[in-house]
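Visitor: Compact mmCIF, C-alpha atoms and all ligand atoms, saved as coords.txt, coming up:
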```
# COMPACT_ATOMS: atom_id res chain seq x y z
CA MET E 24 45.67 -9.41 -19.40
CA LEU E 25 45.14 -12.01 -16.67
CA GLY E 26 45.54 -9.32 -14.03
CA LYS E 27 42.82 -7.21 -15.68
CA LEU E 28 40.49 -10.23 -15.80
CA ILE E 29 41.12 -10.99 -12.12
CA ARG E 30 40.42 -7.34 -11.23
CA GLN E 31 37.18 -7.45 -13.23
CA ILE E 32 36.05 -10.66 -11.52
CA LYS E 33 36.97 -9.28 -8.08
CA SER E 34 35.13 -6.06 -8.77
CA HIS E 35 32.07 -8.06 -9.86
CA PHE E 36 31.82 -9.60 -6.39
CA GLU E 37 32.55 -6.43 -4.43
CA PRO E 38 29.73 -4.67 -2.58
CA ARG E 39 28.46 -1.44 -4.12
CA LEU E 40 27.35 1.73 -2.40
CA ALA E 41 23.75 2.91 -2.55
CA THR E 42 22.56 6.32 -1.41
CA VAL E 43 18.92 7.00 -0.60
CA GLU E 44 17.66 10.52 -1.11
CA PRO E 45 16.31 12.79 0.25
CA LEU E 46 17.51 11.21 3.53
CA GLY E 47 21.06 11.13 2.23
CA LYS E 48 21.85 7.73 3.81
CA THR E 49 24.50 5.57 2.19
CA PHE E 50 24.89 1.83 2.71
CA GLU E 51 26.61 -1.17 1.15
CA VAL E 52 24.81 -3.68 -1.04
CA ALA E 53 26.52 -7.05 -1.52
CA SER E 54 26.85 -8.35 -5.07
CA ASP E 55 24.24 -11.06 -4.45
CA GLN E 56 21.84 -8.74 -2.62
CA THR E 57 19.01 -6.74 -4.10
CA LEU E 58 18.87 -3.03 -3.42
CA LEU E 59 15.95 -3.71 -1.06
CA GLN E 60 17.85 -6.41 0.87
CA GLY E 61 20.81 -4.06 1.28
CA ALA E 62 18.58 -1.24 2.51
CA LEU E 63 16.77 -3.45 5.03
CA ALA E 64 20.07 -4.94 6.24
CA ALA E 65 21.25 -1.36 6.82
CA GLY E 66 18.24 -0.78 9.08
CA LEU E 67 16.28 1.45 6.71
CA ALA E 68 12.50 1.22 6.67
CA PHE E 69 12.57 0.92 2.89
CA PRO E 70 8.98 0.42 1.68
CA HIS E 71 8.23 -3.07 0.40
CA HIS E 72 5.61 -5.77 0.46
CA CYS E 73 5.65 -8.78 -1.87
CA THR E 74 9.46 -8.84 -2.50
CA VAL E 75 8.77 -10.67 -5.78
CA GLY E 76 8.31 -7.70 -8.09
CA THR E 77 4.53 -7.64 -8.14
CA CYS E 78 3.12 -5.01 -5.77
CA GLY E 79 5.19 -1.96 -6.72
CA ASN E 80 5.66 -0.93 -3.08
CA CYS E 81 9.46 -0.86 -3.34
CA LYS E 82 9.54 1.36 -6.40
CA CYS E 83 12.09 4.16 -6.29
CA ARG E 84 13.59 6.47 -8.86
CA LEU E 85 17.11 5.74 -10.07
CA LYS E 86 18.89 9.10 -10.12
CA SER E 87 22.37 7.84 -10.99
CA GLY E 88 24.20 4.58 -11.50
CA ASP E 89 23.28 1.33 -13.14
CA VAL E 90 21.25 -1.69 -12.02
CA ARG E 91 20.28 -5.10 -13.38
CA SER E 92 16.67 -6.10 -12.95
CA MET E 93 16.05 -9.80 -12.39
CA THR E 94 12.47 -9.58 -13.70
CA ASP E 95 10.59 -7.52 -16.24
CA ALA E 96 9.57 -4.39 -14.33
CA SER E 97 7.11 -3.41 -17.06
CA LEU E 98 4.73 -6.06 -15.70
CA THR E 99 4.36 -3.95 -12.53
CA LEU E 100 5.40 -0.38 -13.31
CA THR E 101 3.49 1.78 -15.77
CA PRO E 102 5.13 3.07 -18.96
CA ALA E 103 5.14 6.55 -17.37
CA GLU E 104 6.96 5.25 -14.28
CA LEU E 105 9.53 3.41 -16.40
CA ALA E 106 10.10 6.49 -18.53
CA ASP E 107 10.60 8.48 -15.34
CA GLY E 108 13.40 6.14 -14.22
CA TYR E 109 11.53 4.13 -11.60
CA ILE E 110 12.91 0.71 -10.65
CA LEU E 111 11.81 -2.05 -8.26
CA ALA E 112 14.31 -2.24 -5.41
CA CYS E 113 13.37 -5.85 -4.62
CA GLN E 114 14.35 -6.94 -8.13
CA CYS E 115 17.51 -4.93 -8.74
CA LEU E 116 21.15 -5.93 -8.30
CA LEU E 117 23.64 -3.08 -8.45
CA LYS E 118 26.01 -2.83 -11.40
CA SER E 119 27.59 0.34 -10.00
CA GLU E 120 27.30 2.78 -7.14
CA VAL E 121 23.75 4.18 -7.27
CA THR E 122 21.62 6.99 -5.91
CA VAL E 123 17.89 6.45 -5.66
CA ALA E 124 15.05 8.68 -4.54
CA VAL E 125 12.37 7.21 -2.29
CA ASP E 126 10.01 8.64 0.30
CA LEU E 127 11.57 7.98 3.69
CA ASN E 128 10.80 10.46 6.41
CA ASP E 129 13.20 11.37 9.16
CA ASP E 130 11.11 9.30 11.54
CA SER E 131 11.45 6.19 9.38
CA GLU E 132 14.03 4.67 11.72
CA ALA E 133 11.46 4.75 14.53
CA MET E 134 9.19 2.78 12.23
CA VAL E 135 11.51 -0.02 11.19
CA PRO E 136 9.28 -3.13 10.99
CA ALA E 137 9.45 -5.35 14.06
CA GLN E 138 7.81 -8.49 15.40
CA TYR E 139 4.79 -8.20 17.72
CA MET E 140 2.39 -10.65 19.35
CA GLY E 141 -1.26 -9.87 18.70
CA THR E 142 -4.51 -11.08 20.24
CA ILE E 143 -7.90 -10.78 18.55
CA VAL E 144 -10.08 -8.83 21.00
CA ALA E 145 -13.20 -8.16 18.87
CA THR E 146 -14.72 -8.77 15.47
CA GLU E 147 -17.57 -7.07 13.63
CA GLN E 148 -19.27 -8.19 10.43
CA LEU E 149 -19.23 -5.11 8.17
CA THR E 150 -20.75 -6.73 5.08
CA HIS E 151 -21.57 -10.29 4.01
CA ASP E 152 -17.86 -10.80 3.21
CA ILE E 153 -15.89 -8.17 5.14
CA LEU E 154 -15.00 -8.55 8.81
CA LYS E 155 -13.50 -5.86 11.00
CA VAL E 156 -10.92 -7.45 13.29
CA SER E 157 -9.68 -5.56 16.36
CA VAL E 158 -6.32 -6.68 17.68
CA GLU E 159 -4.30 -5.81 20.78
CA ILE E 160 -0.54 -6.13 20.44
CA ASP E 161 2.01 -6.71 23.18
CA ARG E 162 3.56 -3.22 23.04
CA PRO E 163 2.82 0.06 21.27
CA MET E 164 3.55 0.28 17.55
CA MET E 165 4.21 3.47 15.62
CA PHE E 166 2.96 3.45 12.05
CA ARG E 167 1.79 5.84 9.36
CA ALA E 168 -1.83 5.92 8.31
CA GLY E 169 -2.11 3.81 5.17
CA GLN E 170 0.57 1.25 6.06
CA PHE E 171 0.04 -2.46 6.71
CA ALA E 172 1.34 -5.39 8.77
CA ASP E 173 2.12 -8.99 7.88
CA ILE E 174 0.13 -11.45 9.96
CA ALA E 175 1.37 -15.00 10.54
CA LEU E 176 -1.23 -17.36 11.95
CA PRO E 177 0.22 -20.36 13.80
CA GLY E 178 0.15 -23.51 11.69
CA PHE E 179 -0.11 -21.70 8.36
CA GLY E 180 2.84 -21.79 5.99
CA ARG E 181 2.93 -18.14 5.05
CA HIS E 182 1.86 -14.71 6.18
CA ARG E 183 -0.89 -12.43 4.85
CA SER E 184 -0.78 -8.64 4.72
CA TYR E 185 -3.53 -6.39 6.04
CA SER E 186 -3.71 -2.59 6.17
CA PHE E 187 -4.39 -0.75 9.40
CA ALA E 188 -7.94 0.63 9.39
CA ASN E 189 -7.50 2.86 12.45
CA ALA E 190 -5.46 6.03 12.75
CA PRO E 191 -2.00 5.97 14.35
CA VAL E 192 -1.35 7.53 17.73
CA ASP E 193 1.65 9.70 18.67
CA GLY E 194 4.10 7.50 20.55
CA GLY E 195 2.44 4.32 19.27
CA THR E 196 -0.67 2.28 20.00
CA ARG E 197 -1.43 -1.28 21.09
CA GLN E 198 -4.88 -1.18 19.45
CA LEU E 199 -5.00 -2.11 15.78
CA GLU E 200 -7.95 -2.62 13.45
CA PHE E 201 -8.01 -4.51 10.17
CA MET E 202 -10.67 -5.20 7.56
CA VAL E 203 -10.54 -8.69 6.14
CA ARG E 204 -12.41 -9.77 3.05
CA ASN E 205 -13.50 -13.38 2.80
CA VAL E 206 -11.57 -14.60 -0.24
CA ALA E 207 -12.84 -17.78 -1.87
CA GLY E 208 -10.24 -20.48 -1.22
CA GLY E 209 -8.17 -18.17 1.02
CA GLU E 210 -7.00 -20.29 3.96
CA TYR E 211 -6.57 -17.30 6.29
CA THR E 212 -10.01 -15.88 5.68
CA GLN E 213 -11.66 -19.29 5.85
CA TRP E 214 -10.03 -19.80 9.26
CA LEU E 215 -11.17 -16.35 10.40
CA PHE E 216 -14.74 -16.60 9.15
CA ALA E 217 -15.28 -20.22 10.27
CA GLN E 218 -15.97 -19.40 13.94
CA ASN E 219 -15.50 -16.84 16.70
CA ARG E 220 -11.75 -16.22 16.93
CA ILE E 221 -11.67 -13.80 19.86
CA GLY E 222 -8.70 -14.62 22.08
CA GLU E 223 -6.64 -16.17 19.28
CA ARG E 224 -2.98 -15.13 19.28
CA PHE E 225 -0.65 -14.69 16.34
CA GLU E 226 2.58 -13.01 15.25
CA LEU E 227 2.46 -9.70 13.44
CA HIS E 228 5.30 -7.93 11.63
CA GLY E 229 5.10 -4.27 10.74
CA PRO E 230 4.60 -1.49 9.96
CA LYS E 231 5.26 -1.78 6.23
CA GLY E 232 4.45 -0.08 2.97
CA SER E 233 4.82 3.26 1.26
CA PHE E 234 1.14 4.12 1.08
CA TRP E 235 0.82 7.14 3.36
CA LEU E 236 -0.17 10.76 2.98
CA ARG E 237 2.59 13.00 1.64
CA PRO E 238 2.71 16.51 3.10
CA ALA E 239 1.25 19.06 0.67
CA GLU E 240 -1.45 21.69 0.41
CA VAL E 241 -3.26 20.28 -2.62
CA PRO E 242 -6.58 18.35 -2.68
CA VAL E 243 -6.55 14.63 -1.93
CA LEU E 244 -8.17 12.18 -4.33
CA CYS E 245 -8.86 8.73 -2.84
CA VAL E 246 -10.01 5.71 -4.82
CA ALA E 247 -10.72 2.35 -3.16
CA GLY E 248 -12.52 -0.90 -3.75
CA GLY E 249 -13.43 -3.80 -1.43
CA SER E 250 -11.33 -3.92 1.73
CA GLY E 251 -9.18 -1.13 0.22
CA MET E 252 -11.45 1.11 2.31
CA ALA E 253 -9.28 0.31 5.38
CA PRO E 254 -6.12 2.35 4.69
CA ILE E 255 -8.17 5.24 3.31
CA LEU E 256 -10.18 5.42 6.54
CA SER E 257 -6.93 5.37 8.50
CA VAL E 258 -5.60 8.25 6.40
CA LEU E 259 -8.83 10.29 6.71
CA GLU E 260 -9.08 9.81 10.50
CA ASP E 261 -5.42 10.73 10.81
CA MET E 262 -5.96 13.91 8.77
CA LEU E 263 -8.82 14.87 11.09
CA ASN E 264 -6.71 14.20 14.18
CA LYS E 265 -3.95 16.39 12.78
CA ASN E 266 -6.28 19.18 11.62
CA ILE E 267 -5.05 18.83 8.05
CA GLU E 268 -7.30 21.03 5.96
CA ARG E 269 -7.34 19.77 2.38
CA PRO E 270 -10.31 19.11 0.10
CA VAL E 271 -10.99 15.38 -0.25
CA ALA E 272 -12.90 13.35 -2.83
CA PHE E 273 -13.20 9.66 -1.95
CA PHE E 274 -14.40 7.39 -4.79
CA PHE E 275 -15.40 3.92 -3.60
CA GLY E 276 -16.19 1.08 -5.99
CA ALA E 277 -18.44 -1.80 -4.95
CA ARG E 278 -20.71 -4.30 -6.68
CA GLN E 279 -24.03 -3.75 -4.90
CA THR E 280 -25.49 -1.83 -1.99
CA HIS E 281 -24.81 -4.75 0.34
CA ASP E 282 -21.10 -4.29 -0.38
CA LEU E 283 -21.08 -0.75 1.03
CA TYR E 284 -19.90 -0.32 4.61
CA CYS E 285 -18.58 2.20 7.16
CA LEU E 286 -21.09 4.70 5.76
CA GLN E 287 -21.85 6.13 9.21
CA GLN E 288 -18.16 6.59 9.93
CA LEU E 289 -17.70 8.35 6.59
CA GLU E 290 -20.68 10.60 7.25
CA SER E 291 -19.22 11.49 10.64
CA ILE E 292 -15.88 12.30 8.98
CA ARG E 293 -17.68 14.42 6.38
CA GLN E 294 -19.49 16.41 9.06
CA LYS E 295 -16.28 17.12 10.95
CA TRP E 296 -14.23 17.88 7.82
CA PRO E 297 -12.94 21.47 7.73
CA GLY E 298 -13.86 22.13 4.09
CA GLU E 299 -14.96 20.14 1.05
CA PHE E 300 -15.34 16.40 1.59
CA ARG E 301 -17.04 14.24 -1.01
CA PHE E 302 -17.76 10.53 -0.77
CA ILE E 303 -18.76 9.05 -4.14
CA PRO E 304 -19.83 5.39 -3.98
CA VAL E 305 -20.17 3.73 -7.40
CA LEU E 306 -21.94 0.38 -7.85
CA SER E 307 -21.06 -1.85 -10.78
CA GLU E 308 -23.65 -4.64 -10.43
CA GLU E 309 -26.60 -3.12 -8.65
CA PRO E 310 -29.87 -4.42 -10.19
CA GLU E 311 -31.61 -1.83 -12.37
CA SER E 312 -34.79 -2.41 -10.39
CA SER E 313 -33.25 -1.35 -7.06
CA SER E 314 -33.90 1.99 -5.38
CA TRP E 315 -30.21 3.01 -5.63
CA THR E 316 -30.02 6.56 -7.00
CA GLY E 317 -26.25 6.94 -6.80
CA SER E 318 -23.65 6.35 -9.51
CA ARG E 319 -23.56 3.10 -11.47
CA GLY E 320 -20.69 1.63 -13.47
CA MET E 321 -16.96 1.22 -12.86
CA VAL E 322 -15.64 3.58 -10.23
CA THR E 323 -12.76 4.67 -12.44
CA GLU E 324 -15.21 6.05 -15.05
CA PHE E 325 -16.24 8.70 -12.51
CA LEU E 326 -12.77 10.11 -11.85
CA ASN E 327 -13.21 13.62 -13.15
CA GLY E 328 -13.17 17.16 -11.84
CA ASP E 329 -16.97 17.48 -11.71
CA TYR E 330 -17.37 14.61 -9.28
CA ALA E 331 -14.24 15.47 -7.33
CA SER E 332 -15.01 19.22 -7.17
CA PHE E 333 -11.37 20.05 -7.86
CA ASP E 334 -8.87 19.87 -10.69
CA ILE E 335 -7.53 16.32 -10.63
CA ALA E 336 -4.29 17.39 -12.36
CA ALA E 337 -3.57 19.61 -9.35
CA SER E 338 -4.28 16.97 -6.67
CA HIS E 339 -2.47 14.03 -5.09
CA ALA E 340 -4.06 10.61 -5.56
CA TYR E 341 -4.17 7.61 -3.20
CA LEU E 342 -5.47 4.37 -4.70
CA CYS E 343 -6.09 1.15 -2.85
CA GLY E 344 -7.78 -2.06 -3.95
CA PRO E 345 -7.65 -4.86 -6.51
CA PRO E 346 -4.97 -4.58 -9.25
CA PRO E 347 -7.40 -4.14 -12.20
CA MET E 348 -9.04 -1.18 -10.46
CA ILE E 349 -5.64 0.38 -9.68
CA ASP E 350 -4.41 -0.07 -13.24
CA ALA E 351 -7.59 1.48 -14.67
CA ALA E 352 -7.38 4.37 -12.19
CA LEU E 353 -3.71 5.02 -13.01
CA ALA E 354 -4.51 5.23 -16.73
CA ARG E 355 -7.50 7.47 -16.07
CA LEU E 356 -5.58 9.84 -13.77
CA GLN E 357 -2.74 10.07 -16.23
CA SER E 358 -5.20 11.06 -18.96
CA CYS E 359 -6.47 13.75 -16.55
CA GLY E 360 -2.93 15.16 -16.44
CA LEU E 361 -1.93 13.96 -12.96
CA GLY E 362 1.82 13.23 -12.76
CA ILE E 363 2.82 9.73 -11.70
CA GLU E 364 4.94 11.18 -8.87
CA TYR E 365 1.71 12.43 -7.26
CA THR E 366 -0.05 9.09 -7.47
CA HIS E 367 0.40 6.59 -4.66
CA TYR E 368 -1.16 3.17 -4.72
CA ASP E 369 -1.39 -0.11 -2.85
CA LYS E 370 -2.49 -3.10 -4.90
CA PHE E 371 -4.35 -5.65 -2.77
CA LEU E 372 -3.27 -9.08 -3.97
CA ASP E 373 -5.41 -11.98 -2.75
CA SER E 374 -3.94 -15.36 -1.88
CA ARG E 375 -4.33 -16.72 -5.41
CA GLN E 376 -2.63 -13.70 -6.99
CA LEU E 377 0.22 -13.93 -4.46
CA GLU E 378 0.69 -17.59 -5.31
CA VAL E 379 0.93 -16.73 -9.01
CA ALA E 380 3.37 -13.91 -8.26
CA GLU E 381 5.65 -16.11 -6.18
CA ASN E 382 5.54 -19.28 -8.24
CA GLY E 383 4.84 -17.89 -11.67
CA VAL E 384 1.98 -20.35 -12.23
CA MET E 385 -1.70 -19.93 -12.87
S1 LIG L 1 8.28 -5.36 -2.78
FE1 LIG L 1 9.13 -4.98 -4.73
S2 LIG L 1 7.45 -5.11 -6.07
FE2 LIG L 1 6.64 -5.70 -4.16
```
Would you write the structure of this file as structure tokens?
Ligand code: FES

Guide:
Amino acid sequence: MLGKLIRQIKSHFEPRLATVEPLGKTFEVASDQTLLQGALAAGLAFPHHCTVGTCGNCKCRLKSGDVRSMTDASLTLTPAELADGYILACQCLLKSEVTVAVDLNDDSEAMVPAQYMGTIVATEQLTHDILKVSVEIDRPMMFRAGQFADIALPGFGRHRSYSFANAPVDGGTRQLEFMVRNVAGGEYTQWLFAQNRIGERFELHGPKGSFWLRPAEVPVLCVAGGSGMAPILSVLEDMLNKNIERPVAFFFGARQTHDLYCLQQLESIRQKWPGEFRFIPVLSEEPESSSWTGSRGMVTEFLNGDYASFDIAASHAYLCGPPPMIDAALARLQSCGLGIEYTHYDKFLDSRQLEVAENGVM
């Protein structure tokens, strides 16, 4: 009896094995480690961001085995994702040996996040509240279009995450571009917008995130709002560079005409695109009296086959922007018949939302 109890207690504290498919890599996860911590300790570029169960970046599908989630995953994952067996790796302790499925390419080891030093070399005001920031880092970084980096300004307690707005380069690049929205009360953005910051140096950790174009032949549906334009531009420029010929419909939600930006760059992309390319800006608060003749309302209301020019159920979707927009888009796309496994998203949490996520306070 006592022997059985001792064996049970010992087994409780033993590391468990986790296998990541389709790569087929197996690693140990200590009893007090999350699946994500075990994967990162094993050197895998396992996608993640917030590490507190909020962003959904670390989601993966549990194919076998048993886990214990430390938080309620239904606050982050959709009912369809939960029903499909998705879990949050950053919140799960292993109760047994497990196998999970997550998108890791063969080149993921070359893209394990690392520390870089960056210098701001240029800035450009894109709208009244969005600044393009060009950064040069100390050595080339390889990343996938759509990913992001954590930026740690000296003297600030915590980092902030920003998506790359430029396309990656084979073999890596030292030139990075970010689009930063001026968030009310956000200490990083207030520092950045207060004066000319060219020449300022800071630490940068990346690349990170699972928001990147999956290989396929089907049309690509993009939905973005605010500074969520950045990773979509990176993806589109990368597709052009790689001669990827797929129809694209890019829905962009903004409040008013003065919130639209990068229109010339998008027009240039459209002209070079080998096939159908639609950019559909939708304004939610444009005055009725204005000369705007485009779409008005919430961007997610316009997600249908007529605007996209293809069957949404037979596309892959890439969503990037504020959480309410992402949640509305996920529900809309699901009602259009698009499977959750073909929907990739990156929720942009501002500093206040991150604080709530980490501390659980409003
Ligand atoms: S890293 Fe797990 S939910 Fe954000």

Visitor: At a cut-off of 9 Å around ligand LIG 1 (chain L), and using only C-alpha atoms and all ligand atoms, what residues come up? Please write them as a list in words.

Guide: Leu59, Pro70, His71, His72, Cys73, Thr74, Val75, Gly76, Thr77, Cys78, Gly79, Asn80, Cys81, Lys82, Ala96, Thr99, Leu100, Leu111, Ala112, Cys113, Gln114 and Gly232 of chain E

Visitor: Report the distance between CA of Ile160 (chain E) and CA of Gly61 (chain E) in Å, rounded to one decimal place.

Guide: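 CA of Gly61 (chain E) lies 28.8 Å from CA of Ile160 (chain E).
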
Visitor: Using all atoms listed in the file, tabulate the residues of region 103-184 of chain E lying at most 12 Å from any atom of region 340-345 of chain E, each with its closest atom pair and that distance in Å to one decimal, by chain and increasing residue number, as a Markdown table.

Guide:
```
| residue | atom | partner | partner_atom | distance |
| --- | --- | --- | --- | --- |
| E:Ala168 | CA | E:Tyr341 | CA | 11.9 |
| E:Gly169 | CA | E:Cys343 | CA | 9.3 |
| E:Gln170 | CA | E:Cys343 | CA | 11.1 |
| E:Phe171 | CA | E:Cys343 | CA | 11.9 |
```

Visitor: From the list E:Phe325, E:Trp315, E:Phe300, E:Tyr185, which residue is nearest Phe275 (chain E) when using all atoms listed in the file?

Guide: E:Phe325

Visitor: May I ask which of the residues E:Arg237, E:Arg301, E:Lys155, E:Arg355 is the closest one to Leu326 (chain E), counting only C-alpha atoms?

Guide: E:Arg355

Visitor: I need every residue sitting at most 8 Å from the point (-18.7, -14.0, 2.0) (coordinates as in the file, only C-alpha atoms considered), written as a count of residues only.

Guide: 7

Visitor: Specify the axis-aligned box that encloses all atoms of region 245-259 of chain E listed in the file after padding of 5 Å on each side, stating its centre and edge lengths in Å to one decimal as AutoDock Vina command-line options.

Guide:
```
--center_x -9.5 --center_y 3.2 --center_z 1.8 --size_x 17.8 --size_y 24.2 --size_z 23.3
```

Visitor: Please identify all polymer residues within 6 Å of region 239-245 of chain E, counting only C-alpha atoms, omitting same-chain residues fewer than 4 positions from it, and present them as a PyMOL selection string.

Guide: chain E and resi 269-273+338-342

Visitor: Go ahead and write the selection's residues with C-alpha atoms as a short mmCIF file (atom, residue, chain, number, x, y, z; two decimals), keeping the file's coordinate frame.

Guide:
```cif
data_model
loop_
_atom_site.label_atom_id
_atom_site.label_comp_id
_atom_site.auth_asym_id
_atom_site.auth_seq_id
_atom_site.Cartn_x
_atom_site.Cartn_y
_atom_site.Cartn_z
CA ARG E 269 -7.34 19.77 2.38
CA PRO E 270 -10.31 19.11 0.10
CA VAL E 271 -10.99 15.38 -0.25
CA ALA E 272 -12.90 13.35 -2.83
CA PHE E 273 -13.20 9.66 -1.95
CA SER E 338 -4.28 16.97 -6.67
CA HIS E 339 -2.47 14.03 -5.09
CA ALA E 340 -4.06 10.61 -5.56
CA TYR E 341 -4.17 7.61 -3.20
CA LEU E 342 -5.47 4.37 -4.70
#
```

Visitor: Which of these residues is nearest to Val123 (chain E), using only C-alpha atoms: E:Leu46, E:Ala188, E:Val203, E:Leu149?

Guide: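 Smallest separation from Val123 (chain E) among the options: E:Leu46.
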
Visitor: Could you check which of E:Ala145, E:Ala352, E:Gln56, E:Phe216 is closest to Arg91 (chain E), using only C-alpha atoms?

Guide: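 So, comparing all the options, the nearest one is E:Gln56.
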
Visitor: Measuring between only C-alpha atoms, which one of E:Leu199, E:Ser119, E:Gly248, E:Asn189 shows the shortest distance to Arg162 (chain E)?

Guide: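 Among E:Leu199, E:Ser119, E:Gly248, E:Asn189, it is E:Leu199 that comes nearest to Arg162 (chain E).
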
Visitor: Would you mind putting back N, CA and C atoms on region 319-335 of chain E, then writing it out as a short mmCIF file (atom, residue, chain, number, x, y, z; two decimals), keeping the file's coordinate frame?

Guide:
```
data_model
loop_
_atom_site.label_atom_id
_atom_site.label_comp_id
_atom_site.auth_asym_id
_atom_site.auth_seq_id
_atom_site.Cartn_x
_atom_site.Cartn_y
_atom_site.Cartn_z
N ARG E 319 -23.64 4.50 -11.04
CA ARG E 319 -23.56 3.10 -11.47
C ARG E 319 -22.48 2.97 -12.53
N GLY E 320 -21.73 1.88 -12.46
CA GLY E 320 -20.69 1.63 -13.47
C GLY E 320 -19.39 1.29 -12.75
N MET E 321 -18.27 1.46 -13.47
CA MET E 321 -16.96 1.22 -12.86
C MET E 321 -16.51 2.52 -12.20
N VAL E 322 -15.98 2.39 -11.00
CA VAL E 322 -15.64 3.58 -10.23
C VAL E 322 -14.66 4.48 -10.99
N THR E 323 -13.78 3.87 -11.76
CA THR E 323 -12.76 4.67 -12.44
C THR E 323 -13.35 5.57 -13.53
N GLU E 324 -14.56 5.22 -14.02
CA GLU E 324 -15.21 6.05 -15.05
C GLU E 324 -15.64 7.40 -14.48
N PHE E 325 -15.71 7.48 -13.14
CA PHE E 325 -16.24 8.70 -12.51
C PHE E 325 -15.13 9.63 -12.02
N LEU E 326 -13.89 9.27 -12.32
CA LEU E 326 -12.77 10.11 -11.85
C LEU E 326 -12.64 11.33 -12.74
N ASN E 327 -13.35 12.37 -12.40
CA ASN E 327 -13.21 13.62 -13.15
C ASN E 327 -13.45 14.79 -12.19
N GLY E 328 -13.13 15.96 -12.68
CA GLY E 328 -13.17 17.16 -11.84
C GLY E 328 -14.56 17.50 -11.35
N ASP E 329 -15.60 17.16 -12.14
CA ASP E 329 -16.97 17.48 -11.71
C ASP E 329 -17.34 16.70 -10.46
N TYR E 330 -17.04 15.41 -10.47
CA TYR E 330 -17.37 14.61 -9.28
C TYR E 330 -16.46 14.96 -8.11
N ALA E 331 -15.19 15.21 -8.42
CA ALA E 331 -14.24 15.47 -7.33
C ALA E 331 -14.41 16.87 -6.74
N SER E 332 -14.87 17.80 -7.55
CA SER E 332 -15.01 19.22 -7.17
C SER E 332 -13.67 19.95 -7.13
N PHE E 333 -12.65 19.33 -7.72
CA PHE E 333 -11.37 20.05 -7.86
C PHE E 333 -10.67 19.53 -9.10
N ASP E 334 -9.63 20.26 -9.51
CA ASP E 334 -8.87 19.87 -10.69
C ASP E 334 -7.98 18.67 -10.35
N ILE E 335 -8.27 17.54 -10.96
CA ILE E 335 -7.53 16.32 -10.63
C ILE E 335 -6.04 16.48 -10.93
#
```
